[in-house]
Amino acid sequence: MAKKEYAFYPGCSSQLKASAANYLTSTQAMCKTLDIKLTTIPDWNCCGASISYTGASQLTRHVLNARNFALAEKHLPGQDVVATCAACWLNARESKEKLDVDRQFLADANEALKAAGLQYQGRANIKHMVEVLIEDFGYDQLAKPVVKPLGGIKFAGYVGCQTNRPFGIAGESFENPMYLDKLVETVGAEPLSKYDQKVTCCGGALAFSEPDKSQKQIRDIVESAYDHGADMIVTPCPLCQANVEVYQAEINRKQGTKFNMPVTYYSQLMTVAYGGSVKEAGLDGHLIQPTKLQALAQKT
Amino acid sequence: MSATIDRNATPVRPYQSDFLREVEREVEGGEWVKMCMQCGVCAGSCPFGPHWEHSPQKLFMMIRAGQRDEVLTSDSMWMCTSCYNCVVRCPRELPITTIMHGLATYSHRLGLAPKMQPTRDFSLRFVDNFTRGGRVNELKLTLGLYFKDGLLAGIRKGWEMRYVALGLLKAGRLNPFELFGGHRCKDVKGIEAMLAKAHEIEQRRAGAKH
């Protein structure tokens with residue numbers, strides 16, 4: 001029997017051949033080593049993300065998340081729901097807080113859910129994968145399976161917004177959360193101690209609608225990583241990863257910079273440290289190659 | 001609902017003394033506006049600070065001053081990236097992100113939002129995209145955005161972004177076949193029925209309010 005079991009909510013970007021497909025791959029490899037059994041919530045739907053506010057009403061947004069909770073309660077009773085995407089986690093948690101305190105709102109949500117043959121009972125709990133790692137395991141436990149410490153690689157721990165605000169990880173500060181740096185240390189790598197863009201916004205969904213304004217944010221995030229001597233950036237958020245990696249070429253083209261800073265996930269670091277291959281760590285899924293990490297993964 | 005539309009049809013008046021009450025009634029999170037103590041921390045915390053005319057602090061005071069037209073036609077609340085930096089710093093713990101989204105949505109509902117506002121457009125596209133199959137179709141979402149200003153503009157934009165697209169394709173993070181289906185929920189019918197019901201409930205509640 002697996003050590004821990006969770007109802008897994010991967011989210012739209014963590015599907016096969018979607019923009020965070022390599023987050024999914026490396027999460028699965030990392031969880032295999034830690035003996036975590038992830039069972040995907042059958043037929044889960046989009047959380048609505050933050051950007052849906054104009055098109056989707058309040059009840060619509062919360063009902064979407066209630067459906068996922070109801071499916072988890074029905075098919076995977078007693079298991080905590082775990083999300084890897086920052087926005088999925090934030091929106092599910094916002095919905096849960098609303099549904100669990102407002103009886104009228106809950107009744108309305110259940111009336112709508114009934115049309116899909118479902119009911120939310122308020123039992124399912126929601127966690128981010130980082131919370132699972134830190135709270136259900138702890139740094140010492142996470143360090144045990146390390147067979148290939150990532151010695152000598154310097155990481156800029158880019159936490160970003162939505163795994164940090166408004167909820168964040170318990171016990172961490174909003175201005176300077178330390179958990180990502182501690183995870184980097186856990187796998188034997190070196191976190192930047194003075195990375196001043198740690199919790200800066202990458203523009204989020206506005207990278208699509210306001211590209212120039214967002215690329216200014218991304219430029220700051222990458223530039224600071226260079227200034228402090230980072231080999232790579234590491235992040236817990238799939239939208240941060242995509243925005244900060246993908247738009248470097250655009251910034252280079254428009255502004256004449258020569259950015260080529262790899263952007264990785266914590267789950268990739270852990271997979272490599274646990275002895276995983278390039279493929280298992282999803283290191284074949286980058287536009288900017290994290291060469292130092294790839295080389296280490298290939299070393300036998 | 002009809003009451004708000006009638007209100008919008010009334011002649012333009014620069015100041016409306018009951019605007020705060022209107023915001024409290026119609027805008028998600030609006031009941032918090034009166035709690036703002038005008039410290040300005042939100043204004044200094046916004047990543048898109050250089051790009052708006054009215055900070056949240058300013059908008060809140062304008063609401064209390066009854067500057068209805070200026071607030072509802074402002075571009076500023078559309079600059080919210082949902083980073084929640086203002087929310088965690090606000091000494092009065094106002095859910096500023098929710099209020100900005102709420103103000104933007106209300107101005108859209110009344111038809112007062114700037115017509116070419118790109119984030120308004122993207123929000124509507126995003127919802128339309130994921131409600132069709134229950135999940136986001138990333139390729140259709142991106143292409144829809146590129147081609148929104150016509151075929152030629154779309155081709156130009158696509159050509160500009162060709163290396164990004166090829167890079168994602170090579171990295172296994174973009175699936176050209178998404179154009180012909182892609183990831184979907186099985187129970188799309190159930191989701192449609194659920195969302196229709198949610199809409200019906202909200203209409204009912206809005207009717208009871210007026």
# chains A, B, ... in the order shown; residues from 1 in each chain; ligands from 1
>>> select_by_dssp(residues="segment 72-207 of chain A", states="alpha helix (DSSP H)", output="ChimeraX atom specification")
/A:72-75,86-101,103-114,129-131,139-143,179-186,206-207
>>> closest_atom_pairs(of="chain B", to="chain A", cutoff="7 Å", atoms="only C-alpha atoms", output="tab-separated table")
residue	atom	partner	partner_atom	distance
B:Pro47	CA	A:Cys201	CA	6.5
B:Thr81	CA	A:Gly203	CA	5.8
B:Ser82	CA	A:Ser50	CA	6.5
B:Cys83	CA	A:Cys161	CA	5.2
B:Tyr84	CA	A:Arg165	CA	5.7
B:Asn85	CA	A:Arg165	CA	6.9
B:Val87	CA	A:Pro166	CA	6.9
B:Val88	CA	A:Pro166	CA	6.0
B:His101	CA	A:Tyr53	CA	6.1
B:Thr105	CA	A:Thr54	CA	4.8
B:Pro118	CA	A:Ser209	CA	5.2
B:Thr119	CA	A:Ser209	CA	5.2
B:Arg120	CA	A:Thr54	CA	6.7
B:Phe122	CA	A:Ser209	CA	6.3
B:Ser123	CA	A:Ser52	CA	5.1
B:Leu124	CA	A:Gly55	CA	4.7
B:Phe126	CA	A:Ser52	CA	6.4
B:Val127	CA	A:Gly55	CA	5.6
B:Phe130	CA	A:Cys46	CA	6.8
B:Gly134	CA	A:Asn45	CA	5.1
B:Arg135	CA	A:Cys46	CA	4.9
B:Val136	CA	A:Cys12	CA	5.8
B:Val164	CA	A:Val246	CA	6.5
B:Gly167	CA	A:Leu287	CA	5.4
B:Leu168	CA	A:Leu287	CA	6.6
B:Ala171	CA	A:Gly285	CA	4.2
B:Gly172	CA	A:Lys17	CA	5.2
B:Arg173	CA	A:Lys17	CA	4.5
B:Leu174	CA	A:Lys17	CA	5.4
B:Asn175	CA	A:Lys17	CA	5.6
B:Cys185	CA	A:Asp43	CA	5.4
B:Lys186	CA	A:Asp43	CA	6.2
B:Gly190	CA	A:Ala116	CA	4.3
B:Ile191	CA	A:Ala116	CA	6.2
B:Ala193	CA	A:Ala115	CA	5.6
B:Met194	CA	A:Ala112	CA	4.9
B:Leu195	CA	A:Thr60	CA	6.2
B:Lys197	CA	A:Ala112	CA	5.1
B:Ala198	CA	A:Ala112	CA	5.2
B:Ile201	CA	A:Asp108	CA	7.0
>>> write_last_selection(atoms="C-alpha atoms", output="PDB file, in the first residue's frame")
ATOM      1  CA  PRO B  47       2.846  45.467 -10.300  1.00  0.00           C
ATOM      2  CA  THR B  81      -3.211  40.701 -12.677  1.00  0.00           C
ATOM      3  CA  SER B  82      -4.711  38.836  -9.684  1.00  0.00           C
ATOM      4  CA  CYS B  83      -1.363  38.872  -7.877  1.00  0.00           C
ATOM      5  CA  TYR B  84      -3.049  39.605  -4.500  1.00  0.00           C
ATOM      6  CA  ASN B  85      -0.145  41.773  -3.344  1.00  0.00           C
ATOM      7  CA  VAL B  87      -4.774  42.154  -0.536  1.00  0.00           C
ATOM      8  CA  VAL B  88      -2.136  40.723   1.785  1.00  0.00           C
ATOM      9  CA  HIS B 101     -12.702  42.122 -10.694  1.00  0.00           C
ATOM     10  CA  THR B 105     -17.413  43.002 -14.392  1.00  0.00           C
ATOM     11  CA  PRO B 118      -7.870  43.628 -24.171  1.00  0.00           C
ATOM     12  CA  THR B 119      -8.243  41.964 -20.763  1.00  0.00           C
ATOM     13  CA  ARG B 120     -12.035  42.210 -20.966  1.00  0.00           C
ATOM     14  CA  PHE B 122      -9.484  37.822 -23.069  1.00  0.00           C
ATOM     15  CA  SER B 123     -11.635  37.081 -20.026  1.00  0.00           C
ATOM     16  CA  LEU B 124     -14.701  36.531 -22.220  1.00  0.00           C
ATOM     17  CA  PHE B 126     -11.299  32.302 -21.796  1.00  0.00           C
ATOM     18  CA  VAL B 127     -14.732  31.504 -20.358  1.00  0.00           C
ATOM     19  CA  PHE B 130     -13.379  26.292 -21.305  1.00  0.00           C
ATOM     20  CA  GLY B 134     -15.156  21.744 -19.540  1.00  0.00           C
ATOM     21  CA  ARG B 135     -11.415  22.283 -19.923  1.00  0.00           C
ATOM     22  CA  VAL B 136      -9.205  24.937 -21.538  1.00  0.00           C
ATOM     23  CA  VAL B 164       7.708  30.163 -29.625  1.00  0.00           C
ATOM     24  CA  GLY B 167       9.695  25.518 -29.465  1.00  0.00           C
ATOM     25  CA  LEU B 168       6.578  24.458 -27.556  1.00  0.00           C
ATOM     26  CA  ALA B 171       9.085  20.400 -26.212  1.00  0.00           C
ATOM     27  CA  GLY B 172       5.848  18.411 -26.349  1.00  0.00           C
ATOM     28  CA  ARG B 173       3.851  21.249 -24.814  1.00  0.00           C
ATOM     29  CA  LEU B 174       1.629  22.108 -27.759  1.00  0.00           C
ATOM     30  CA  ASN B 175      -0.613  19.727 -29.646  1.00  0.00           C
ATOM     31  CA  CYS B 185     -14.691  16.443 -20.037  1.00  0.00           C
ATOM     32  CA  LYS B 186     -16.868  13.395 -20.635  1.00  0.00           C
ATOM     33  CA  GLY B 190     -23.986  17.732 -17.280  1.00  0.00           C
ATOM     34  CA  ILE B 191     -21.664  20.731 -16.996  1.00  0.00           C
ATOM     35  CA  ALA B 193     -26.974  21.849 -17.395  1.00  0.00           C
ATOM     36  CA  MET B 194     -25.176  22.798 -14.175  1.00  0.00           C
ATOM     37  CA  LEU B 195     -24.043  26.172 -15.529  1.00  0.00           C
ATOM     38  CA  LYS B 197     -28.997  26.158 -13.574  1.00  0.00           C
ATOM     39  CA  ALA B 198     -26.436  28.416 -11.849  1.00  0.00           C
ATOM     40  CA  ILE B 201     -30.487  30.808  -9.755  1.00  0.00           C
TER      41      ILE B 201
END
>>> closest_residue(among="B:Leu139, B:Leu151, B:Ile96, B:Val41", to="Phe177 of chain B", atoms="only C-alpha atoms")
B:Leu139
>>> closest_residue(among="B:Leu143, B:Leu179, B:Met161, B:Cys36", to="Met62 of chain B", atoms="only C-alpha atoms")
B:Cys36
>>> residues_around(residues="Asn137 of chain B", least_positions_apart="4", cutoff="8 Å", atoms="only C-alpha atoms", output="list of chain:residue names")
B:Asn129, B:Phe130, B:Leu141, B:Glu178, B:Gly182, B:His183
>>> write_last_selection(atoms="C-alpha atoms", output="PDB file, in the first residue's frame")
ATOM      1  CA  ASN B 129     -13.203  28.445 -24.419  1.00  0.00           C
ATOM      2  CA  PHE B 130     -13.379  26.292 -21.305  1.00  0.00           C
ATOM      3  CA  LEU B 141      -7.486  30.142 -27.005  1.00  0.00           C
ATOM      4  CA  GLU B 178      -6.157  20.408 -30.213  1.00  0.00           C
ATOM      5  CA  GLY B 182      -8.396  18.106 -27.724  1.00  0.00           C
ATOM      6  CA  HIS B 183      -8.888  17.555 -24.005  1.00  0.00           C
TER       7      HIS B 183
END
